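Source file: query.csv; contents: CSV, C-alpha atoms and all ligand atoms.
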chain,number,residue,atom,x,y,z
C,1,MET,CA,120.1,49.7,-116.8
C,2,ARG,CA,119.1,52.0,-119.6
C,3,HIS,CA,120.7,50.9,-122.9
C,4,GLU,CA,122.5,54.2,-123.3
C,5,GLN,CA,124.1,54.0,-119.9
C,6,GLU,CA,126.2,51.0,-121.0
C,7,PRO,CA,129.7,51.6,-119.7
C,8,ALA,CA,131.5,50.7,-123.0
C,9,LYS,CA,129.3,53.2,-124.9
C,10,ILE,CA,129.9,56.0,-122.3
C,11,GLN,CA,133.6,55.3,-122.2
C,12,SER,CA,133.9,55.4,-126.0
C,13,MET,CA,131.8,58.6,-126.2
C,14,PHE,CA,134.1,60.4,-123.7
C,15,ASN,CA,137.2,59.2,-125.4
C,16,SER,CA,135.9,60.6,-128.7
C,17,ILE,CA,135.1,64.0,-127.4
C,18,ALA,CA,138.1,64.3,-125.1
C,19,ARG,CA,140.1,66.6,-127.4
C,20,ARG,CA,137.4,69.2,-127.4
C,21,TYR,CA,136.0,68.6,-124.0
C,22,ASP,CA,137.6,71.5,-122.1
C,23,PHE,CA,136.8,74.1,-124.8
C,24,LEU,CA,133.2,73.1,-125.1
C,25,ASN,CA,132.7,72.8,-121.4
C,26,HIS,CA,133.8,76.4,-120.7
C,27,PHE,CA,132.1,77.7,-123.8
C,28,PHE,CA,128.7,76.2,-123.1
C,29,SER,CA,128.7,77.1,-119.4
C,30,PHE,CA,130.2,80.7,-119.9
C,31,ASN,CA,132.9,79.4,-117.5
C,32,ILE,CA,130.5,79.0,-114.7
C,33,ASP,CA,131.6,75.4,-114.3
C,34,ALA,CA,134.9,76.8,-112.8
C,35,LEU,CA,132.8,78.6,-110.1
C,36,TRP,CA,130.9,75.4,-109.4
C,37,ARG,CA,134.1,73.5,-108.9
C,38,ARG,CA,135.5,76.2,-106.6
C,39,LYS,CA,132.4,75.9,-104.4
C,40,THR,CA,132.8,72.1,-104.4
C,41,VAL,CA,136.4,72.4,-103.1
C,42,LYS,CA,135.3,74.9,-100.4
C,43,ALA,CA,132.7,72.5,-99.1
C,44,VAL,CA,135.4,70.2,-97.7
C,45,SER,CA,135.1,70.5,-93.9
C,46,SER,CA,138.4,68.9,-93.0
C,47,LYS,CA,141.3,71.4,-92.8
C,48,ALA,CA,143.9,68.9,-94.0
C,49,PRO,CA,142.7,65.9,-95.9
C,50,LYS,CA,145.5,63.5,-96.7
C,51,LEU,CA,144.0,61.6,-99.6
C,52,ILE,CA,141.3,62.9,-102.0
C,53,LEU,CA,139.7,60.6,-104.6
C,54,ASP,CA,138.2,62.5,-107.6
C,55,VAL,CA,136.1,60.0,-109.4
C,56,ALA,CA,135.2,60.5,-113.1
C,57,ALA,CA,137.9,63.1,-113.1
C,58,GLY,CA,137.9,63.6,-116.8
C,59,THR,CA,140.4,66.3,-117.8
C,60,MET,CA,141.1,66.8,-114.0
C,61,ASP,CA,139.9,70.4,-113.4
C,62,LEU,CA,138.4,69.5,-110.1
C,63,SER,CA,141.4,67.4,-109.1
C,64,ILE,CA,143.6,70.5,-109.8
C,65,ALA,CA,141.3,72.7,-107.8
C,66,PHE,CA,141.7,70.3,-104.8
C,67,ALA,CA,145.5,70.2,-105.2
C,68,LEU,CA,145.7,74.0,-105.1
C,69,LYS,CA,143.5,74.3,-102.0
C,70,PHE,CA,145.2,71.4,-100.2
C,71,PRO,CA,148.9,71.4,-101.1
C,72,ASP,CA,149.7,68.6,-98.7
C,73,ALA,CA,147.1,66.2,-99.9
C,74,ASP,CA,147.5,63.5,-102.5
C,75,VAL,CA,144.8,63.6,-105.2
C,76,ILE,CA,143.9,60.5,-107.2
C,77,ALA,CA,142.1,61.4,-110.4
C,78,LEU,CA,140.3,58.3,-111.6
C,79,ASP,CA,138.5,57.9,-114.9
C,80,PHE,CA,137.7,55.0,-117.2
C,81,ALA,CA,138.2,57.1,-120.4
C,82,CYS,CA,142.0,57.2,-120.9
C,83,LYS,CA,141.8,60.0,-123.4
C,84,MET,CA,140.0,62.3,-121.0
C,85,LEU,CA,142.8,61.9,-118.5
C,86,ASN,CA,145.4,62.3,-121.2
C,87,GLY,CA,143.7,65.5,-122.3
C,88,GLY,CA,144.3,67.0,-118.9
C,89,LEU,CA,147.9,66.0,-118.4
C,90,HIS,CA,149.3,69.2,-119.8
C,91,LYS,CA,147.5,71.2,-117.1
C,92,LEU,CA,149.2,69.4,-114.2
C,93,LYS,CA,151.8,71.7,-112.5
C,94,THR,CA,152.2,69.6,-109.4
C,95,HIS,CA,153.2,66.1,-108.5
C,96,GLN,CA,150.3,65.7,-106.1
C,97,ILE,CA,147.9,64.4,-108.7
C,98,PHE,CA,147.9,60.8,-109.7
C,99,PRO,CA,145.8,60.0,-112.7
C,100,VAL,CA,144.4,56.4,-112.6
C,101,ASN,CA,142.6,54.7,-115.5
C,102,GLY,CA,139.8,52.8,-113.6
C,103,ASP,CA,136.2,52.2,-113.1
C,104,GLY,CA,134.3,54.3,-110.6
C,105,LEU,CA,132.0,51.4,-110.0
C,106,ALA,CA,134.8,49.1,-109.0
C,107,LEU,CA,137.1,51.3,-107.0
C,108,PRO,CA,140.6,49.8,-106.6
C,109,PHE,CA,141.1,51.1,-103.1
C,110,ALA,CA,140.9,49.7,-99.6
C,111,ASP,CA,138.0,50.1,-97.3
C,112,ASN,CA,138.1,53.2,-95.0
C,113,SER,CA,141.2,54.6,-96.8
C,114,VAL,CA,140.2,58.0,-98.4
C,115,ASP,CA,139.4,61.3,-96.7
C,116,VAL,CA,137.3,62.9,-99.5
C,117,VAL,CA,135.5,61.4,-102.5
C,118,SER,CA,134.3,63.8,-105.1
C,119,ILE,CA,132.5,63.3,-108.4
C,120,ALA,CA,131.7,66.2,-110.8
C,121,PHE,CA,129.3,65.6,-113.7
C,122,GLY,CA,130.1,61.9,-113.7
C,123,ILE,CA,127.6,60.0,-111.5
C,124,ARG,CA,124.8,60.7,-114.0
C,125,ASN,CA,126.7,58.4,-116.3
C,126,PHE,CA,126.9,55.5,-113.9
C,127,GLU,CA,125.0,52.4,-115.0
C,128,ASN,CA,124.1,51.8,-111.3
C,129,LEU,CA,123.9,54.9,-109.1
C,130,ASP,CA,123.3,53.0,-105.9
C,131,ARG,CA,126.3,50.7,-106.5
C,132,GLY,CA,128.4,53.8,-107.1
C,133,LEU,CA,127.3,55.4,-103.8
C,134,SER,CA,128.0,52.2,-101.9
C,135,GLY,CA,131.5,52.1,-103.3
C,136,PHE,CA,132.2,55.7,-102.3
C,137,TYR,CA,130.9,54.9,-98.8
C,138,ARG,CA,133.2,51.8,-98.6
C,139,VAL,CA,136.4,53.6,-99.4
C,140,LEU,CA,135.8,56.7,-97.3
C,141,LYS,CA,137.3,56.8,-93.8
C,142,PRO,CA,134.8,57.3,-91.0
C,143,GLY,CA,134.4,61.1,-90.8
C,144,GLY,CA,135.1,61.4,-94.5
C,145,THR,CA,133.2,63.5,-96.9
C,146,LEU,CA,131.4,62.8,-100.2
C,147,LEU,CA,130.9,65.7,-102.7
C,148,ILE,CA,128.7,65.2,-105.7
C,149,LEU,CA,128.5,68.0,-108.2
C,150,GLU,CA,125.9,67.3,-110.9
C,151,PHE,CA,123.3,68.8,-113.2
C,152,THR,CA,119.7,68.6,-111.9
C,153,PRO,CA,116.7,68.0,-114.1
C,154,ASN,CA,115.4,71.4,-115.2
C,155,TRP,CA,112.1,72.3,-116.8
C,156,ASN,CA,112.8,75.9,-117.7
C,157,PRO,CA,111.9,76.2,-121.5
C,158,LEU,CA,114.8,78.6,-122.2
C,159,PHE,CA,117.3,76.2,-120.6
C,160,ASN,CA,115.7,73.3,-122.4
C,161,PHE,CA,116.1,75.0,-125.7
C,162,TYR,CA,119.7,75.8,-124.9
C,163,SER,CA,120.7,72.3,-123.7
C,164,GLY,CA,118.4,70.4,-125.9
C,165,VAL,CA,118.8,72.2,-129.3
C,166,PHE,CA,121.7,74.7,-129.2
C,167,MET,CA,124.3,72.6,-127.4
C,168,PRO,CA,123.7,69.4,-129.5
C,169,PHE,CA,123.9,71.5,-132.7
C,170,VAL,CA,127.2,73.2,-131.8
C,171,GLY,CA,128.5,70.0,-130.1
C,172,ARG,CA,127.9,68.0,-133.3
C,173,MET,CA,129.9,70.6,-135.3
C,174,ILE,CA,132.9,70.8,-133.0
C,175,SER,CA,133.3,67.5,-131.2
C,176,LYS,CA,133.8,64.2,-133.0
C,177,ASP,CA,130.7,62.5,-131.5
C,178,PRO,CA,127.5,63.6,-133.2
C,179,ASP,CA,125.3,62.4,-130.3
C,180,ALA,CA,127.3,63.3,-127.2
C,181,TYR,CA,125.6,66.6,-126.4
C,182,HIS,CA,122.1,65.2,-127.1
C,183,TYR,CA,123.0,62.4,-124.7
C,184,LEU,CA,124.0,65.1,-122.1
C,185,HIS,CA,120.5,66.6,-122.4
C,186,ARG,CA,118.7,63.2,-122.1
C,187,SER,CA,120.8,62.0,-119.2
C,188,VAL,CA,120.2,65.2,-117.2
C,189,LYS,CA,116.5,64.8,-117.7
C,190,ALA,CA,116.6,61.2,-116.6
C,191,PHE,CA,118.7,61.9,-113.5
C,192,PRO,CA,117.1,62.0,-110.0
C,193,THR,CA,116.0,65.4,-108.6
C,194,ALA,CA,118.3,66.9,-106.0
C,195,GLU,CA,115.9,65.7,-103.2
C,196,ALA,CA,115.8,62.2,-104.6
C,197,LEU,CA,119.6,62.1,-104.9
C,198,LYS,CA,119.8,63.2,-101.2
C,199,ASN,CA,117.6,60.2,-100.3
C,200,ARG,CA,119.7,57.8,-102.3
C,201,MET,CA,122.8,59.0,-100.5
C,202,GLU,CA,121.1,58.5,-97.1
C,203,ASN,CA,120.1,55.0,-98.2
C,204,ALA,CA,123.7,54.3,-99.0
C,205,GLY,CA,124.6,55.2,-95.4
C,206,PHE,CA,125.6,58.8,-95.6
C,207,SER,CA,124.7,61.2,-92.8
C,208,THR,CA,124.1,64.9,-92.6
C,209,VAL,CA,123.4,65.0,-96.3
C,210,GLN,CA,122.7,68.5,-97.6
C,211,TYR,CA,122.5,70.0,-101.0
C,212,LYS,CA,122.7,73.4,-102.6
C,213,LYS,CA,121.3,74.3,-106.0
C,214,MET,CA,123.4,76.6,-108.0
C,215,THR,CA,122.9,79.0,-111.0
C,216,MET,CA,119.1,78.8,-111.2
C,217,GLY,CA,119.0,75.2,-110.3
C,218,ILE,CA,121.1,74.0,-113.3
C,219,ALA,CA,123.5,72.2,-111.0
C,220,ALA,CA,123.5,71.0,-107.4
C,221,LEU,CA,126.2,70.2,-104.9
C,222,HIS,CA,125.4,67.4,-102.5
C,223,VAL,CA,127.6,66.9,-99.4
C,224,GLY,CA,127.4,63.9,-97.1
C,225,GLU,CA,129.5,62.3,-94.5
C,226,LYS,CA,130.4,58.8,-93.4
C,227,CYS,CA,129.8,58.9,-89.7
C,228,SER,CA,132.7,58.2,-87.3
C,229,GLU,CA,132.1,54.9,-85.5
C,301,LIG,C1,131.2,65.0,-118.0
C,301,LIG,S1,132.7,64.3,-117.7
C,301,LIG,C2,133.2,65.2,-116.2
C,301,LIG,C3,134.7,65.3,-116.1
C,301,LIG,C4,135.1,66.1,-114.9
C,301,LIG,N1,134.8,65.5,-113.6
C,301,LIG,C5,134.6,67.5,-115.0
C,301,LIG,O1,134.1,68.0,-114.0
C,301,LIG,O2,134.9,68.1,-116.0
C,301,LIG,C6,132.2,62.7,-117.1
C,301,LIG,C7,133.4,61.8,-116.9
C,301,LIG,O3,132.9,60.6,-116.2
C,301,LIG,C8,133.7,59.5,-116.7
C,301,LIG,N2,133.0,58.3,-116.3
C,301,LIG,C9,131.7,58.0,-116.5
C,301,LIG,N3,131.4,56.8,-115.9
C,301,LIG,C10,132.5,56.4,-115.3
C,301,LIG,C11,132.9,55.2,-114.6
C,301,LIG,N4,132.0,54.2,-114.4
C,301,LIG,N5,134.1,55.1,-114.1
C,301,LIG,C12,135.0,56.1,-114.3
C,301,LIG,N6,134.8,57.2,-115.1
C,301,LIG,C13,133.5,57.3,-115.5
C,301,LIG,C14,133.8,59.8,-118.2
C,301,LIG,O4,134.8,59.0,-118.8
C,301,LIG,C15,134.0,61.3,-118.2
C,301,LIG,O5,135.4,61.6,-118.2

Written as structure tokens, that's how I'd like the structure from this file.
Amino acid sequence: MRHEQEPAKIQSMFNSIARRYDFLNHFFSFNIDALWRRKTVKAVSSKAPKLILDVAAGTMDLSIAFALKFPDADVIALDFACKMLNGGLHKLKTHQIFPVNGDGLALPFADNSVDVVSIAFGIRNFENLDRGLSGFYRVLKPGGTLLILEFTPNWNPLFNFYSGVFMPFVGRMISKDPDAYHYLHRSVKAFPTAEALKNRMENAGFSTVQYKKMTMGIAALHVGEKCSE
């Protein structure tokens, strides 16, 4: 485990930036993050999933997008940073979403119980990626889908200046944590490439794994299925 991936540190960092998280997210991404989340929701193959688990839900934008697309589904929005969930509560206009303060590496759900597991910009923070993937596999029903939306390592110099210099500078001024946006840059660089993540998903048992890079390869959406037995 890399020292900075310590769960307590990550949890406290997100709790401290929670109040400014939505603003900075949309500002830094020119609102493209909303488009990425829409594409994630569209990638669900099932017409009527009953239970969707959005892990590392943060301020719940992806959970809300699921609830809008699937009005008959229950959506569990799980995150270990309570203040991130609290920061999204005012956006909930439906009773379909259930915020749960919990650890994505120790999912408090039964085996084979969930139709869709999603995680957006969260898995990069896991202290153990493979343990996270195995947990997602365990709770998914056979035939269920895993969606991972995450940044991919990017070597474009312009992008590196933007994410490595500009974002930490502005992030330090606006959010309460001076290092949070530096951490974002470092953690993206240290994260597996899209192809490597696909292999890790397959090693965890997922089938038909595919990924699509988006917006000049800044982010990628991986989709995998737990095979029906
Ligand atoms: C960058 S935010 C993404 C939030 C949201 N999914 C989005 O798309 O805006 C990452 C979130 O992952 C959460 N997180 C990181 N590791 C976690 C873990 N082990 N269990 C639960 N939540 C975790 C953090 O608390 C934070 O809210």

**OP:** May I have the residues within 10 Å of C:His222 as a ChimeraX atom specification, using all atoms listed in the file and disregarding those fewer than 5 positions away in the same chain?
**Re:** /C:40,43,118,146-150,194-195,197-198,201,209-213

**OP:** Kindly compile the residues surrounding ligand LIG 301 (chain C) within 9 Å, counting all atoms listed in the file, and format them as a PyMOL selection string.
**Re:** chain C and resi 5+7+10-15+18+21-22+25+33-34+37+54-63+77-85+101-107+118-128+132+149-150+184

Original post:
Looking at C:Lys69, C:Lys47, C:His95, C:Lys141, which one is nearest to C:Cys227, with distances taken over all atoms listed in the file?
Top reply: C:Lys141

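When atom CA of C:Ala180 is paired with atom CA of C:Ser16, their separation reads 9.1 Å.
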
**OP:** Name all residues at most 12 Å from C:Ile64 (count only C-alpha atoms; drop same-chain ones fewer than 5 positions away) and give them as a PyMOL selection string.
**Re:** chain C and resi 34+37-38+41+52-54+57-59+69-71+73-77+88-99

Original post:
Within 6 Å of C:Leu140, counting all atoms listed in the file, which residues qualify if same-chain residues fewer than 4 places away don't, as number ranges by chain?
Top reply: C: 112-115, 144

Output C-alpha atoms of each residue in that selection to a file, as a short mmCIF file (atom, residue, chain, number, x, y, z; two decimals), keeping the file's coordinate frame.
data_model
loop_
_atom_site.label_atom_id
_atom_site.label_comp_id
_atom_site.auth_asym_id
_atom_site.auth_seq_id
_atom_site.Cartn_x
_atom_site.Cartn_y
_atom_site.Cartn_z
CA ASN C 112 138.10 53.20 -95.00
CA SER C 113 141.20 54.60 -96.80
CA VAL C 114 140.20 58.00 -98.40
CA ASP C 115 139.40 61.30 -96.70
CA GLY C 144 135.10 61.40 -94.50
#

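You will find atom CA of C:Arg138 at 26.6 Å from atom CA of C:Lys9.
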
**OP:** Work out how far atom CA of C:Ala65 is from atom CA of C:Trp36, in Å to one decimal.
**Re:** 10.9 Å

Subject >> Counting all atoms listed in the file, the option among C:Thr215, C:Asn203, C:Ser45, C:Asn86 closest to C:Leu129 >> reply: C:Asn203

Subject >> Residue nearest C:Val44 among C:Pro192, C:Pro108, C:Gly224, C:Pro178 (counting all atoms listed in the file) >> reply: C:Gly224

Original post:
If I put a ball of radius 12 Å at (128.7, 78.0, -124.1) in the file's coordinates, which residues poke into it when counting all atoms listed in the file, written as a VMD selection string?
Top reply: chain C and resid 21 to 33 162 to 163 166 to 171
